[in-house]
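Structure data (compact mmCIF, C-alpha atoms) from start-v8.txt:
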# COMPACT_ATOMS: atom_id res chain seq x y z
CA MET L 1 9.17 -1.59 14.86
CA ASN L 2 7.12 -1.42 18.04
CA GLY L 3 4.08 0.44 16.84
CA ALA L 4 2.49 2.74 14.35
CA THR L 5 4.23 5.81 15.79
CA GLY L 6 7.59 4.89 14.29
CA ILE L 7 6.04 4.22 10.90
CA THR L 8 4.03 7.44 11.06
CA ASP L 9 7.30 9.27 11.79
CA ILE L 10 8.87 7.66 8.73
CA HIS L 11 5.91 8.77 6.60
CA ALA L 12 6.23 12.32 7.96
CA GLU L 13 9.98 12.36 7.23
CA VAL L 14 9.40 11.03 3.73
CA ARG L 15 6.79 13.73 3.07
CA ALA L 16 9.10 16.45 4.42
CA LEU L 17 11.99 15.21 2.29
CA ARG L 18 9.84 15.14 -0.84
CA ALA L 19 8.59 18.67 -0.07
CA ARG L 20 12.16 19.88 0.29
CA VAL L 21 13.23 18.39 -3.05
CA ARG L 22 10.14 19.83 -4.77
CA ALA L 23 10.98 23.21 -3.26
CA ASP L 24 14.60 23.00 -4.43
CA ARG L 25 13.45 22.10 -7.94
CA ARG L 26 10.47 24.53 -7.98
CA THR L 27 8.42 21.76 -9.58
CA VAL L 28 5.13 23.24 -8.41
CA SER L 29 5.63 27.00 -8.50
CA LEU L 30 7.40 27.39 -11.83
CA PRO L 31 4.97 25.46 -14.09
CA LEU L 32 2.04 27.31 -12.49
CA LEU L 33 3.72 30.71 -12.96
CA VAL L 34 4.79 30.04 -16.56
CA PHE L 35 1.42 28.68 -17.68
CA GLY L 36 -0.44 31.34 -15.66
CA ILE L 37 1.37 34.08 -17.59
CA LEU L 38 0.75 32.32 -20.91
CA THR L 39 -2.96 31.96 -20.03
CA LEU L 40 -3.23 35.68 -19.28
CA VAL L 41 -1.47 36.61 -22.54
CA ASP L 42 -3.94 34.36 -24.40
CA SER L 43 -6.84 36.04 -22.59
CA ALA L 44 -5.58 39.46 -23.70
CA LEU L 45 -5.33 38.21 -27.29
CA LEU L 46 -8.84 36.75 -27.12
CA ALA L 47 -10.20 40.04 -25.74
CA VAL L 48 -8.45 42.17 -28.38
CA ILE L 49 -9.57 39.93 -31.23
CA ALA L 50 -13.15 39.78 -29.89
CA THR L 51 -13.40 43.55 -30.36
CA MET L 52 -12.05 43.46 -33.93
CA PRO L 53 -13.94 42.63 -37.13
CA GLU L 54 -13.72 38.87 -37.82
CA SER L 55 -10.70 37.97 -39.95
CA GLY L 56 -8.83 34.83 -40.96
CA GLY L 57 -5.58 36.25 -39.59
CA ALA L 58 -7.04 36.79 -36.14
CA LYS L 59 -8.48 33.29 -36.06
CA LEU L 60 -5.16 31.81 -37.19
CA THR L 61 -3.34 33.76 -34.46
CA LEU L 62 -5.63 32.30 -31.81
CA LEU L 63 -5.35 28.79 -33.19
CA LEU L 64 -1.57 28.96 -33.32
CA TYR L 65 -1.19 30.58 -29.92
CA TRP L 66 -1.23 27.51 -27.67
CA PRO L 67 0.85 25.21 -29.88
CA VAL L 68 3.57 27.88 -29.98
CA ALA L 69 3.13 29.16 -26.39
CA GLY L 70 2.91 25.62 -25.02
CA ALA L 71 6.22 24.70 -26.66
CA ALA L 72 7.79 27.97 -25.46
CA GLY L 73 6.57 27.38 -21.90
CA LEU L 74 7.94 23.86 -21.84
CA ILE L 75 11.29 25.03 -23.23
CA VAL L 76 11.47 27.67 -20.47
CA LEU L 77 10.82 24.97 -17.84
CA ARG L 78 13.31 22.58 -19.40
CA ASP L 79 16.05 25.23 -19.57
CA HIS L 80 15.39 26.31 -16.00
CA ALA L 81 15.63 22.68 -14.84
CA ARG L 82 18.92 22.24 -16.74
CA ARG L 83 20.43 25.37 -15.19
CA LEU L 84 19.24 24.27 -11.75
CA ALA L 85 20.74 20.81 -12.20
CA ALA L 86 24.08 22.34 -13.21
CA ARG L 87 24.04 24.82 -10.31
CA ALA L 88 22.44 22.91 -7.43
CA GLY L 89 23.01 19.31 -8.50
CA VAL L 90 19.39 18.21 -8.47
CA GLY L 91 16.96 17.32 -11.25
CA GLY L 92 16.94 15.57 -14.58
CA GLY L 93 16.88 11.84 -15.18
CA PRO L 94 13.42 10.27 -15.17
CA ARG L 95 11.77 13.46 -13.82
CA SER L 96 13.15 15.86 -16.44
CA TYR L 97 10.96 18.05 -18.68
CA GLU L 98 12.81 16.67 -21.69
CA VAL L 99 10.32 13.94 -22.60
CA VAL L 100 7.25 16.17 -22.24
CA THR L 101 8.88 18.98 -24.25
CA VAL L 102 10.07 16.72 -27.06
CA GLY L 103 6.73 14.83 -27.05
CA PHE L 104 4.80 18.08 -27.34
CA VAL L 105 6.95 19.50 -30.15
CA VAL L 106 6.91 16.20 -32.08
CA SER L 107 3.11 15.93 -31.77
CA LEU L 108 2.54 19.48 -33.06
CA PRO L 109 2.03 18.41 -36.71
CA VAL L 110 -0.66 15.95 -35.57
CA LEU L 111 -2.27 18.65 -33.45
CA ALA L 112 -2.16 21.02 -36.45
CA LEU L 113 -4.04 18.45 -38.54
CA LEU L 114 -6.66 18.21 -35.81
CA PHE L 115 -7.14 21.97 -36.16
CA VAL L 116 -8.07 21.83 -39.83
CA PRO L 117 -11.79 21.12 -39.15
CA VAL L 118 -11.85 24.05 -36.74
CA PHE L 119 -10.99 26.40 -39.62
CA PHE L 120 -14.09 25.27 -41.48
CA VAL L 121 -16.45 25.01 -38.55
CA GLY L 122 -15.21 28.32 -37.18
CA GLY L 123 -14.67 29.56 -33.70
CA TYR L 124 -12.26 28.66 -30.98
CA TRP L 125 -13.14 27.46 -27.54
CA ALA L 126 -11.97 25.66 -24.44
CA THR L 127 -8.48 27.14 -24.81
CA LEU L 128 -7.88 26.27 -21.13
CA ALA L 129 -7.74 22.65 -22.26
CA TRP L 130 -4.23 23.40 -23.60
CA PRO L 131 -2.54 24.38 -20.34
CA ALA L 132 -4.59 21.67 -18.60
CA ALA L 133 -3.23 19.00 -20.96
CA ILE L 134 0.36 20.23 -20.71
CA LEU L 135 0.25 20.47 -16.90
CA THR L 136 -1.24 16.96 -16.76
CA ALA L 137 1.68 15.63 -18.80
CA ILE L 138 4.15 17.44 -16.52
CA ALA L 139 2.39 16.15 -13.37
CA LEU L 140 2.38 12.56 -14.61
CA ARG L 141 6.05 12.72 -15.52
CA GLN L 142 7.04 14.32 -12.22
CA ARG L 143 4.39 12.60 -10.10
CA GLY L 144 3.23 15.97 -8.84
CA ASN L 145 -0.11 15.70 -7.08
CA VAL L 146 -0.53 19.45 -6.67
CA VAL L 147 0.15 20.19 -10.34
CA TYR L 148 -2.15 17.31 -11.30
CA GLY L 149 -4.95 18.73 -9.12
CA VAL L 150 -4.48 22.14 -10.73
CA ALA L 151 -4.55 20.55 -14.20
CA VAL L 152 -7.83 18.76 -13.44
CA ALA L 153 -9.36 22.01 -12.14
CA LEU L 154 -8.19 23.79 -15.32
CA ALA L 155 -9.69 21.05 -17.48
CA LEU L 156 -13.05 21.47 -15.72
CA ALA L 157 -12.81 25.25 -16.17
CA GLY L 158 -12.00 24.57 -19.84
CA LEU L 159 -15.15 22.49 -20.14
CA VAL L 160 -17.28 25.32 -18.77
CA GLN L 161 -15.37 27.76 -20.95
CA GLY L 162 -16.11 25.63 -24.00
CA LEU L 163 -19.84 25.67 -23.29
CA LEU L 164 -19.79 29.43 -22.83
CA ALA L 165 -17.52 30.21 -25.78
CA ALA L 166 -19.55 28.15 -28.26
CA THR L 167 -21.98 31.06 -28.37
CA PRO L 168 -22.21 33.94 -30.86
CA ARG L 169 -19.11 36.07 -30.96
CA GLY L 170 -19.34 39.16 -28.77
CA SER L 171 -22.19 37.73 -26.69
CA ALA L 172 -22.19 38.05 -22.92
CA GLU L 173 -21.42 34.31 -22.66
CA SER L 174 -18.35 34.57 -24.88
CA TRP L 175 -17.06 37.45 -22.72
CA THR L 176 -17.73 35.34 -19.63
CA ALA L 177 -15.58 32.63 -21.22
CA ILE L 178 -12.73 35.14 -21.58
CA GLY L 179 -13.31 36.30 -17.99
CA LEU L 180 -13.11 32.70 -16.80
CA GLN L 181 -9.77 32.37 -18.56
CA VAL L 182 -8.46 35.57 -16.94
CA ALA L 183 -9.53 34.21 -13.54
CA ALA L 184 -7.76 30.90 -14.28
CA GLY L 185 -4.56 32.71 -15.32
CA VAL L 186 -4.59 34.87 -12.18
CA ALA L 187 -5.29 31.79 -10.01
CA LEU L 188 -2.33 29.95 -11.58
CA ILE L 189 0.01 32.87 -10.92
CA LEU L 190 -1.21 33.30 -7.34
CA GLY L 191 -0.93 29.53 -6.78
CA GLY L 192 2.61 29.58 -8.18
CA ARG L 193 3.61 32.47 -5.91
CA MET L 194 2.04 30.77 -2.90
CA ALA L 195 3.93 27.55 -3.70
CA ASP L 196 7.14 29.59 -4.01
CA ARG L 197 6.57 31.21 -0.61
CA ARG L 198 5.85 27.84 1.00
CA ALA L 199 8.93 26.36 -0.65
CA ARG L 200 11.14 29.05 0.87
CA ALA L 201 9.70 28.21 4.29
CA VAL L 202 10.65 24.52 4.00
CA MET F 1 -10.31 -20.27 17.71
CA PRO F 2 -11.78 -21.37 14.36
CA GLY F 3 -12.56 -18.47 12.05
CA GLY F 4 -10.55 -16.11 14.28
CA ASP F 5 -8.63 -13.08 13.16
CA PRO F 6 -7.65 -13.65 9.51
CA ASP F 7 -4.64 -11.32 10.00
CA ALA F 8 -3.20 -13.87 12.43
CA ARG F 9 -2.94 -16.47 9.62
CA ALA F 10 -1.77 -14.07 6.91
CA PRO F 11 1.96 -13.49 6.54
CA HIS F 12 3.00 -10.53 8.66
CA PRO F 13 3.39 -7.40 6.48
CA ALA F 14 6.83 -6.78 8.00
CA LEU F 15 8.07 -9.88 6.12
CA GLY F 16 7.67 -7.83 2.95
CA LEU F 17 10.20 -5.22 4.07
CA ASN F 18 13.25 -5.06 1.81
CA GLU F 19 16.35 -4.73 3.99
CA ALA F 20 18.23 -2.80 1.32
CA VAL F 21 15.46 -0.22 1.14
CA HIS F 22 14.24 -0.22 4.74
CA GLN F 23 17.47 1.08 6.31
CA LYS F 24 16.75 4.71 7.25
CA THR F 25 19.45 6.46 5.20
CA ARG F 26 18.82 4.33 2.11
CA LEU F 27 15.08 4.92 2.41
CA ALA F 28 15.79 8.66 2.54
CA LEU F 29 18.17 8.38 -0.44
CA LEU F 30 15.61 6.51 -2.55
CA THR F 31 12.83 8.92 -1.54
CA LEU F 32 14.95 11.90 -2.50
CA LEU F 33 15.95 10.36 -5.81
CA ASP F 34 12.38 9.27 -6.54
CA GLU F 35 11.28 12.88 -6.19
CA ALA F 36 14.28 14.45 -7.94
CA GLY F 37 14.89 11.77 -10.55
CA ARG F 38 18.60 12.52 -10.33
CA ALA F 39 20.94 14.29 -7.94
CA ASP F 40 24.67 14.69 -7.54
CA PHE F 41 26.77 13.54 -4.57
CA ALA F 42 27.12 17.07 -3.19
CA TYR F 43 23.34 17.62 -3.14
CA LEU F 44 22.71 14.24 -1.50
CA LYS F 45 25.38 14.89 1.13
CA ARG F 46 24.09 18.38 1.88
CA THR F 47 20.41 17.44 2.00
CA LEU F 48 20.79 14.26 4.05
CA ASP F 49 23.67 15.56 6.16
CA LEU F 50 25.95 12.61 5.36
CA THR F 51 29.71 12.23 5.12
CA ASP F 52 31.43 11.18 1.88
CA GLY F 53 32.17 7.70 3.21
CA ASN F 54 28.71 7.11 4.64
CA LEU F 55 26.97 8.25 1.47
CA GLY F 56 29.34 6.19 -0.69
CA ARG F 57 28.63 3.01 1.28
CA HIS F 58 24.86 3.41 1.03
CA ILE F 59 25.06 4.24 -2.68
CA ASP F 60 27.17 1.09 -3.17
CA VAL F 61 24.47 -1.06 -1.50
CA LEU F 62 21.73 0.50 -3.63
CA THR F 63 23.81 0.18 -6.81
CA THR F 64 24.54 -3.49 -6.10
CA GLN F 65 20.81 -4.12 -5.76
CA GLY F 66 20.17 -2.30 -9.06
CA LEU F 67 18.06 0.35 -7.32
CA VAL F 68 20.18 3.33 -8.41
CA GLU F 69 22.76 4.04 -11.08
CA THR F 70 25.74 6.34 -10.91
CA ALA F 71 27.41 8.27 -13.70
CA LYS F 72 30.47 10.47 -13.55
CA GLU F 73 30.92 13.63 -15.61
CA PHE F 74 33.64 16.24 -15.66
CA ILE F 75 33.07 19.96 -15.55
CA GLY F 76 36.48 21.19 -16.51
CA ARG F 77 38.72 19.10 -14.28
CA ARG F 78 36.16 18.70 -11.52
CA PRO F 79 34.43 15.33 -11.42
CA ARG F 80 30.73 15.25 -10.64
CA THR F 81 28.93 12.03 -9.74
CA TRP F 82 25.24 11.83 -10.59
CA VAL F 83 22.98 9.27 -8.95
CA THR F 84 19.78 8.29 -10.75
CA ILE F 85 16.97 6.10 -9.46
CA THR F 86 16.21 3.08 -11.64
CA ARG F 87 12.77 1.65 -12.47
CA LEU F 88 13.55 -1.16 -10.03
CA GLY F 89 14.37 1.44 -7.38
CA GLU F 90 11.04 3.20 -7.95
CA GLN F 91 9.21 -0.11 -7.63
CA ALA F 92 11.15 -1.13 -4.50
CA LEU F 93 10.40 2.19 -2.83
CA ALA F 94 6.70 1.96 -3.72
CA ALA F 95 6.59 -1.61 -2.34
CA GLU F 96 8.29 -0.45 0.87
CA MET F 97 5.77 2.34 1.36
CA ASP F 98 2.94 -0.17 0.76
CA VAL F 99 4.35 -2.46 3.45
CA LEU F 100 4.66 0.44 5.89
CA ALA F 101 1.06 1.42 5.14
CA ALA F 102 -0.04 -2.20 5.73
CA LEU F 103 1.76 -2.19 9.07
CA VAL F 104 -0.02 1.01 10.11
CA ASN F 105 -3.36 -0.49 9.02
CA ARG F 106 -2.62 -3.63 11.03
CA PHE F 107 -1.83 -1.52 14.07
CA ARG F 108 -5.03 0.47 13.69
CA THR F 109 -7.06 -2.74 13.33
CA ASN F 110 -5.38 -4.89 15.99
CA GLY F 111 -3.73 -2.28 18.19
CA THR F 112 -0.34 -3.90 17.49
CA THR F 113 2.08 -4.46 14.63
CA THR F 114 3.39 -7.71 16.14
CA ARG F 115 1.91 -11.16 15.60
CA ASP F 116 1.72 -12.04 19.28
CA GLY F 117 0.04 -8.76 20.14
CA SER F 118 2.85 -7.58 22.37
Rewrite the structure from the file as structure tokens, please.
Amino acid sequence: MNGATGITDIHAEVRALRARVRADRRTVSLPLLVFGILTLVDSALLAVIATMPESGGAKLTLLLYWPVAGAAGLIVLRDHARRLAARAGVGGGPRSYEVVTVGFVVSLPVLALLFVPVFFVGGYWATLAWPAAILTAIALRQRGNVVYGVAVALALAGLVQGLLAATPRGSAESWTAIGLQVAAGVALILGGRMADRRARAV
Amino acid sequence: MPGGDPDARAPHPALGLNEAVHQKTRLALLTLLDEAGRADFAYLKRTLDLTDGNLGRHIDVLTTQGLVETAKEFIGRRPRTWVTITRLGEQALAAEMDVLAALVNRFRTNGTTTRDGS
């Protein structure tokens, strides 16, 4: 090794190779698209329920949404990764979605118990914390810096959303919280599509 | 010169390079497997543009060092060989990248990666 140029070339090749594998596996685009769609569906539910008279059923629907949707989203990702591994011969092993999916489903009873106080206190807020937590788990498992960055941004948006949503139902702030969630969902989908386009260019 | 360049007394970062990992094709193989977790022979061959024999030899070296593991499965009558990176392989790759980063730092500080400054 005569200088830094050779090493810099190695670093560039390593980065390019990693980008190619990520593109083949769609490890950035697919989680963003799946959780973007789920976030938008949740926003629509929040908006519909905000216009209805308060009822236990509506509150239960909102509380159950992310546990169920989160599991469904992870199962979609896991099945996609399995099909891809069978077809293209890449994926699985230590970077599979298996552990995150099983971990999430197994922890659902504990999460349900954590919800019990929410029934008595009332309200629902910071729903963006759900996709943020799930994307963080995926990013840590797959060592995905982009997905991790998105998850942190979502968590911060969830924090703001929580402050806004902990206001009287139907207030301007609570609608802003729903608007913030719509914006986050759209941003996830656009980010996913952009990652897909970049991946095809690799 | 007393109190001279401390880098001159420290072991050269290049001494930390692991020969099994540092070879270009094996470094690429480990990088790919670190990102993918697992890949089959056909994907590795296609992506790294290697022949069967070449890939097999490099996989053998990495397997002997405990850096990757191979497993064979059959889809119908067709065998498929999966290669998975081990924890040791992940650590070895991370250590290699650290050494390369240290070499770049040394170059940026001293203007050379060699001890004698050539």
So which residues touch F:Arg80 within 12 Å, counting all atoms listed in the file, skipping near sequence neighbours fewer than 3 positions away, as a PDB file with C-alpha atoms, keeping the file's coordinate frame?
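Done, and the output landed in result22.pdb:
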ATOM      1  CA  ALA L  85      20.740  20.810 -12.200  1.00  0.00           C
ATOM      2  CA  ALA L  86      24.080  22.340 -13.210  1.00  0.00           C
ATOM      3  CA  ARG L  87      24.040  24.820 -10.310  1.00  0.00           C
ATOM      4  CA  ALA L  88      22.440  22.910  -7.430  1.00  0.00           C
ATOM      5  CA  GLY L  89      23.010  19.310  -8.500  1.00  0.00           C
ATOM      6  CA  VAL L  90      19.390  18.210  -8.470  1.00  0.00           C
TER       7      VAL L  90
ATOM      8  CA  ALA F  39      20.940  14.290  -7.940  1.00  0.00           C
ATOM      9  CA  ASP F  40      24.670  14.690  -7.540  1.00  0.00           C
ATOM     10  CA  PHE F  41      26.770  13.540  -4.570  1.00  0.00           C
ATOM     11  CA  ALA F  42      27.120  17.070  -3.190  1.00  0.00           C
ATOM     12  CA  TYR F  43      23.340  17.620  -3.140  1.00  0.00           C
ATOM     13  CA  THR F  70      25.740   6.340 -10.910  1.00  0.00           C
ATOM     14  CA  ALA F  71      27.410   8.270 -13.700  1.00  0.00           C
ATOM     15  CA  LYS F  72      30.470  10.470 -13.550  1.00  0.00           C
ATOM     16  CA  GLU F  73      30.920  13.630 -15.610  1.00  0.00           C
ATOM     17  CA  PHE F  74      33.640  16.240 -15.660  1.00  0.00           C
ATOM     18  CA  ILE F  75      33.070  19.960 -15.550  1.00  0.00           C
ATOM     19  CA  GLY F  76      36.480  21.190 -16.510  1.00  0.00           C
ATOM     20  CA  ARG F  77      38.720  19.100 -14.280  1.00  0.00           C
ATOM     21  CA  VAL F  83      22.980   9.270  -8.950  1.00  0.00           C
TER      22      VAL F  83
END
Write out as a PDB file with C-alpha atoms, in the coordinates of the input which residues come within 8 Å of L:Trp175 when counting all atoms listed in the file, dropping same-chain ones fewer than 4 positions away.
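Full text of part.pdb as output:
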ATOM      1  CA  ALA L  47     -10.200  40.040 -25.740  1.00  0.00           C
ATOM      2  CA  ALA L 165     -17.520  30.210 -25.780  1.00  0.00           C
ATOM      3  CA  GLY L 170     -19.340  39.160 -28.770  1.00  0.00           C
ATOM      4  CA  SER L 171     -22.190  37.730 -26.690  1.00  0.00           C
ATOM      5  CA  GLY L 179     -13.310  36.300 -17.990  1.00  0.00           C
TER       6      GLY L 179
END
Check your understanding: Any idea what the distance is between atom CA of L:Gly36 and atom CA of L:Ala187?
Key -> 7.5 Å
**Study point:** Residue hits in chain F, query chain L, radius 10 Å, all atoms listed in the file, as an MDAnalysis selection string
**Key:** chainID F and resid 14 24 27:44 47:48 75 80:87 97 100:101 103:108 111:114 118
Check your understanding: By how many Å are atom CA of L:Gln181 and atom CA of L:Leu156 apart?
Key -> 11.7 Å
Exercise for review: Quick one: everything within 9 Å of L:Arg193, counting all atoms listed in the file, minus sequence neighbours fewer than 4 positions away in the same chain. Send it as a PyMOL selection string.
Suggested key: chain L and resi 29-30+32-33+188-189+197-198
Check your understanding: Taking (25.7, 1.7, 1.6) in the file's coordinates, which residues come within 12 Å, counting all atoms listed in the file, written as an NGL selection string?
Key -> :F and (19-21 or 23-27 or 29-30 or 50-65 or 67-68)
Exercise for review: One decimal, Å: what's the distance from atom CA of L:Leu46 over to atom CA of L:Ala72, could you say?
Suggested key: 18.9 Å
Practice item. Considering only C-alpha atoms, return as an NGL selection string whatever protein or nucleic-acid residues lie within 10 Å of L:Pro31, sequence-local ones (same chain, fewer than 2 positions apart) excluded. Key: :L and (26-29 or 33-37 or 73-74 or 76-77 or 131 or 134-135 or 138-139 or 147 or 188-189 or 192)
How would the residues just chosen look if you wrote them out with C-alpha atoms as a short mmCIF file (atom, residue, chain, number, x, y, z; two decimals), in the coordinates of the input?
data_model
loop_
_atom_site.label_atom_id
_atom_site.label_comp_id
_atom_site.auth_asym_id
_atom_site.auth_seq_id
_atom_site.Cartn_x
_atom_site.Cartn_y
_atom_site.Cartn_z
CA ARG L 26 10.47 24.53 -7.98
CA THR L 27 8.42 21.76 -9.58
CA VAL L 28 5.13 23.24 -8.41
CA SER L 29 5.63 27.00 -8.50
CA LEU L 33 3.72 30.71 -12.96
CA VAL L 34 4.79 30.04 -16.56
CA PHE L 35 1.42 28.68 -17.68
CA GLY L 36 -0.44 31.34 -15.66
CA ILE L 37 1.37 34.08 -17.59
CA GLY L 73 6.57 27.38 -21.90
CA LEU L 74 7.94 23.86 -21.84
CA VAL L 76 11.47 27.67 -20.47
CA LEU L 77 10.82 24.97 -17.84
CA PRO L 131 -2.54 24.38 -20.34
CA ILE L 134 0.36 20.23 -20.71
CA LEU L 135 0.25 20.47 -16.90
CA ILE L 138 4.15 17.44 -16.52
CA ALA L 139 2.39 16.15 -13.37
CA VAL L 147 0.15 20.19 -10.34
CA LEU L 188 -2.33 29.95 -11.58
CA ILE L 189 0.01 32.87 -10.92
CA GLY L 192 2.61 29.58 -8.18
#
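Candidate residues F:Asp49, F:Asn110, F:Gly66, F:Arg78 were compared for distance to F:Gln91, and the nearest is F:Gly66, using only C-alpha atoms.
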Study note, to complete from the structure: Judged by all atoms listed in the file, the minimum distance to L:Ala112 among L:Leu63, L:Val100, L:Leu84, L:Leu159 is found for L:Leu63
Check your understanding: What would the list of residues within 8 Å of (-12.9, 30.6, -16.8) (file frame) look like as a ChimeraX atom specification, if all atoms listed in the file are what count?
Key -> /L:128,157-158,160-161,176-184
**Study point:** Best match for closeness to L:Leu38 among L:Ser174, L:Ala23, L:Val105, L:Gly185, counting only C-alpha atoms
**Key:**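 Selected residue with least distance to L:Leu38: L:Gly185.
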